[in-house]
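Structure file protein_21.pdb (PDB, C-alpha atoms) is printed below.
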ATOM      1  CA  GLN A   1     -16.345  30.552  -3.824
ATOM      2  CA  VAL A   2     -13.200  31.714  -2.101
ATOM      3  CA  GLN A   3     -11.967  35.151  -3.084
ATOM      4  CA  LEU A   4      -8.898  37.035  -1.933
ATOM      5  CA  VAL A   5      -8.547  40.460  -3.519
ATOM      6  CA  GLU A   6      -5.412  42.487  -2.855
ATOM      7  CA  SER A   7      -5.085  46.238  -3.247
ATOM      8  CA  GLY A   8      -2.722  49.038  -2.274
ATOM      9  CA  GLY A   9       0.317  48.191  -4.359
ATOM     10  CA  GLY A  10       2.118  50.773  -6.433
ATOM     11  CA  SER A  11       5.397  52.561  -6.986
ATOM     12  CA  VAL A  12       7.339  54.196  -4.193
ATOM     13  CA  GLN A  13      10.844  55.494  -3.643
ATOM     14  CA  ALA A  14      13.278  53.720  -1.348
ATOM     15  CA  GLY A  15      12.488  54.566   2.250
ATOM     16  CA  GLY A  16       8.832  55.092   1.510
ATOM     17  CA  SER A  17       5.743  53.295   2.786
ATOM     18  CA  LEU A  18       2.781  51.401   1.396
ATOM     19  CA  ARG A  19      -0.214  49.698   2.990
ATOM     20  CA  LEU A  20      -1.606  46.604   1.345
ATOM     21  CA  SER A  21      -5.120  45.304   1.924
ATOM     22  CA  CYS A  22      -6.738  41.961   1.165
ATOM     23  CA  ALA A  23     -10.510  41.512   1.126
ATOM     24  CA  ALA A  24     -11.503  37.913   1.860
ATOM     25  CA  SER A  25     -14.741  36.029   1.264
ATOM     26  CA  GLY A  26     -16.115  32.528   0.764
ATOM     27  CA  PHE A  27     -14.449  30.762   3.693
ATOM     28  CA  SER A  28     -14.221  30.946   7.467
ATOM     29  CA  TYR A  29     -11.917  33.953   7.612
ATOM     30  CA  ARG A  30     -12.082  34.483  11.363
ATOM     31  CA  ASN A  31     -10.861  30.899  11.959
ATOM     32  CA  SER A  32      -8.008  30.964   9.445
ATOM     33  CA  GLY A  33      -4.381  31.865   9.705
ATOM     34  CA  MET A  34      -3.497  34.461   7.063
ATOM     35  CA  ALA A  35      -0.275  35.605   5.463
ATOM     36  CA  TRP A  36       1.444  37.782   2.913
ATOM     37  CA  PHE A  37       3.954  36.285   0.498
ATOM     38  CA  ARG A  38       5.984  37.942  -2.236
ATOM     39  CA  GLN A  39       7.669  36.809  -5.399
ATOM     40  CA  ALA A  40      10.206  38.698  -7.462
ATOM     41  CA  PRO A  41      10.989  37.723 -11.074
ATOM     42  CA  GLY A  42      13.164  34.628 -11.168
ATOM     43  CA  LYS A  43      12.911  34.029  -7.431
ATOM     44  CA  GLU A  44      10.964  31.685  -5.178
ATOM     45  CA  ARG A  45       7.811  32.881  -3.471
ATOM     46  CA  GLU A  46       8.733  33.766   0.108
ATOM     47  CA  GLY A  47       6.729  34.334   3.249
ATOM     48  CA  VAL A  48       6.762  37.952   4.408
ATOM     49  CA  ALA A  49       4.389  38.018   7.368
ATOM     50  CA  ALA A  50       1.697  35.848   8.932
ATOM     51  CA  ILE A  51      -0.975  36.305  11.573
ATOM     52  CA  SER A  52      -3.029  33.895  13.638
ATOM     53  CA  ALA A  53      -6.819  33.726  13.445
ATOM     54  CA  ASN A  54      -7.224  35.707  16.688
ATOM     55  CA  SER A  55      -4.430  38.205  15.861
ATOM     56  CA  ILE A  56      -2.443  37.218  18.972
ATOM     57  CA  GLY A  57       0.336  35.505  17.049
ATOM     58  CA  THR A  58       2.411  37.078  14.282
ATOM     59  CA  SER A  59       5.461  35.898  12.351
ATOM     60  CA  TYR A  60       7.789  37.858  10.084
ATOM     61  CA  GLY A  61      10.516  37.045   7.641
ATOM     62  CA  ASP A  62      13.920  38.054   8.965
ATOM     63  CA  SER A  63      14.420  40.727   6.316
ATOM     64  CA  VAL A  64      11.238  42.636   7.185
ATOM     65  CA  LYS A  65      11.230  42.482  10.985
ATOM     66  CA  GLY A  66      10.857  45.926  12.509
ATOM     67  CA  ARG A  67       9.683  47.494   9.225
ATOM     68  CA  PHE A  68       6.519  45.582   8.235
ATOM     69  CA  THR A  69       3.394  45.091  10.338
ATOM     70  CA  ILE A  70       0.639  42.589   9.594
ATOM     71  CA  SER A  71      -2.847  43.030  11.013
ATOM     72  CA  ARG A  72      -6.393  41.864  10.402
ATOM     73  CA  ASP A  73      -9.964  42.965  10.986
ATOM     74  CA  ASN A  74     -12.186  39.932  11.478
ATOM     75  CA  GLY A  75     -15.302  42.114  11.425
ATOM     76  CA  LYS A  76     -14.438  43.317   7.924
ATOM     77  CA  ASN A  77     -12.796  40.089   6.663
ATOM     78  CA  THR A  78      -9.758  42.122   5.699
ATOM     79  CA  LEU A  79      -6.021  41.562   6.044
ATOM     80  CA  TYR A  80      -3.454  44.364   6.024
ATOM     81  CA  LEU A  81       0.281  44.776   5.570
ATOM     82  CA  GLN A  82       1.905  48.067   6.537
ATOM     83  CA  MET A  83       5.297  48.323   4.859
ATOM     84  CA  ASP A  84       7.734  51.023   5.968
ATOM     85  CA  SER A  85      11.322  51.832   4.980
ATOM     86  CA  LEU A  86      10.923  49.936   1.726
ATOM     87  CA  LYS A  87      14.012  48.845  -0.187
ATOM     88  CA  PRO A  88      14.531  48.407  -3.956
ATOM     89  CA  ASP A  89      15.117  44.673  -3.592
ATOM     90  CA  GLU A  90      11.615  44.354  -2.153
ATOM     91  CA  THR A  91      10.154  45.012  -5.570
ATOM     92  CA  ALA A  92       7.849  42.037  -6.151
ATOM     93  CA  MET A  93       4.316  40.801  -6.571
ATOM     94  CA  TYR A  94       2.738  40.572  -3.141
ATOM     95  CA  TYR A  95       0.150  37.855  -2.514
ATOM     96  CA  CYS A  96      -2.454  37.398   0.192
ATOM     97  CA  ALA A  97      -2.934  33.789   1.335
ATOM     98  CA  ALA A  98      -5.453  31.935   3.492
ATOM     99  CA  ALA A  99      -4.422  28.836   5.428
ATOM    100  CA  ARG A 100      -5.821  25.348   5.032
ATOM    101  CA  PRO A 101      -8.760  24.445   7.287
ATOM    102  CA  GLY A 102      -7.461  23.782  10.777
ATOM    103  CA  VAL A 103      -4.368  25.972  10.413
ATOM    104  CA  TRP A 104      -5.159  28.905  12.690
ATOM    105  CA  TRP A 105      -1.624  29.895  13.701
ATOM    106  CA  SER A 106       0.823  32.341  12.111
ATOM    107  CA  SER A 107       2.692  30.086   9.699
ATOM    108  CA  LEU A 108       5.174  31.256   7.068
ATOM    109  CA  LEU A 109       5.245  27.858   5.372
ATOM    110  CA  ARG A 110       3.883  28.039   1.852
ATOM    111  CA  ALA A 111       2.511  24.487   2.170
ATOM    112  CA  ASP A 112       0.157  25.607   4.955
ATOM    113  CA  TYR A 113      -1.757  27.872   2.568
ATOM    114  CA  LEU A 114      -4.573  26.732   0.334
ATOM    115  CA  TYR A 115      -6.056  29.909  -1.122
ATOM    116  CA  TRP A 116      -4.194  32.679  -2.923
ATOM    117  CA  GLY A 117      -5.053  36.074  -4.303
ATOM    118  CA  GLN A 118      -4.000  37.350  -7.721
ATOM    119  CA  GLY A 119      -1.368  39.610  -6.253
ATOM    120  CA  THR A 120      -0.588  43.312  -6.200
ATOM    121  CA  GLN A 121       2.626  44.755  -7.624
ATOM    122  CA  VAL A 122       4.994  46.729  -5.405
ATOM    123  CA  THR A 123       7.838  48.595  -7.096
ATOM    124  CA  VAL A 124      10.505  50.355  -5.054
ATOM    125  CA  SER A 125      12.868  52.665  -6.900
ATOM    126  CA  SER A 126      16.270  53.816  -5.675
TER     127      SER A 126
END
Please go through the file and, once you have read it, give me the structure as structure tokens.
Amino acid sequence: QVQLVESGGGSVQAGGSLRLSCAASGFSYRNSGMAWFRQAPGKEREGVAAISANSIGTSYGDSVKGRFTISRDNGKNTLYLQMDSLKPDETAMYYCAAARPGVWWSSLLRADYLYWGQGTQVTVSS
């Protein structure tokens, strides 16, 4: 059974930082591309950051480049997202996602992801 369990969300003031974690199990984590998506109320789910199976490749949404860093530990089956200089409009539910079998690269396309976590809430106040 595939499980993706996010943690690390919370409330922070604008300009602050948070580090999200995602514990993965039940699939071939070390061979899968992984990503973080977010969804604010009334908005589409958008790709924030993605990482290839071997950590060599990363992709970021334009709005987070230079402020967010995605990483993974294949020994611990864990995905991370370091978020710095957070902005109020980044308030959203953040989701961890695991790519479909065979997708090992750092894709930000929602259609490339098969498994999703329940999400962790991030609230940024001004």
Could you name the residues that touch Arg67 in chain A at 7 Å or less, counting only C-alpha atoms, but leaving out those on the same chain fewer than 6 positions away, as a JSON list (two decimals) with C-alpha atoms, keeping the file's coordinate frame?
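Okay, this is what ended up in out10.json:
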[["chain", "number", "residue", "atom", "x", "y", "z"],
["A", 83, "MET", "CA", 5.30, 48.32, 4.86],
["A", 84, "ASP", "CA", 7.73, 51.02, 5.97],
["A", 85, "SER", "CA", 11.32, 51.83, 4.98]]
Q: Just say which residues the PyMOL selection byres ((chain A and resi 52) around 10) picks in this file, as a ChimeraX atom specification.
A: /A:30-35,50-51,53-59,71-72,99,103-107
Q | Nearest-residue call for Pro88 in chain A, choices A:Ala49, A:Ser126, A:Gly61, A:Gly42, using all atoms listed in the file | A | A:Ser126
Q: Spell out the residues picked by the PyMOL selection byres ((chain A and resi 109-111) around 9) here, as a count of residues only.
A: 12
Got a sec: who's within 7 Å of Gly119 in chain A, counting all atoms listed in the file, leaving out chain neighbours fewer than 5 positions off, as an mmCIF file with C-alpha atoms, keeping the file's coordinate frame?
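Written output follows (part-v3.cif):
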data_model
loop_
_atom_site.group_PDB
_atom_site.id
_atom_site.type_symbol
_atom_site.label_atom_id
_atom_site.label_comp_id
_atom_site.auth_asym_id
_atom_site.auth_seq_id
_atom_site.Cartn_x
_atom_site.Cartn_y
_atom_site.Cartn_z
ATOM 1 C CA GLU A 6 -5.412 42.487 -2.855
ATOM 2 C CA MET A 93 4.316 40.801 -6.571
ATOM 3 C CA TYR A 94 2.738 40.572 -3.141
ATOM 4 C CA TYR A 95 0.150 37.855 -2.514
ATOM 5 C CA CYS A 96 -2.454 37.398 0.192
#
**Q.** Of the listed residues A:Gly16, A:Val2, A:Leu81, A:Gly75, that which approaches Thr120 in chain A most closely, counting all atoms listed in the file
**A.**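 Looking at the shortest contact to Thr120 in chain A, the residue is A:Leu81.
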Q: Identify which of the residues A:Ala24, A:Val64, A:Ala92, A:Ala14 lies closest to Gln39 in chain A, counting all atoms listed in the file when measuring atom-to-atom distances.
A: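 Ranking A:Ala24, A:Val64, A:Ala92, A:Ala14 by distance to Gln39 in chain A, first place goes to A:Ala92.
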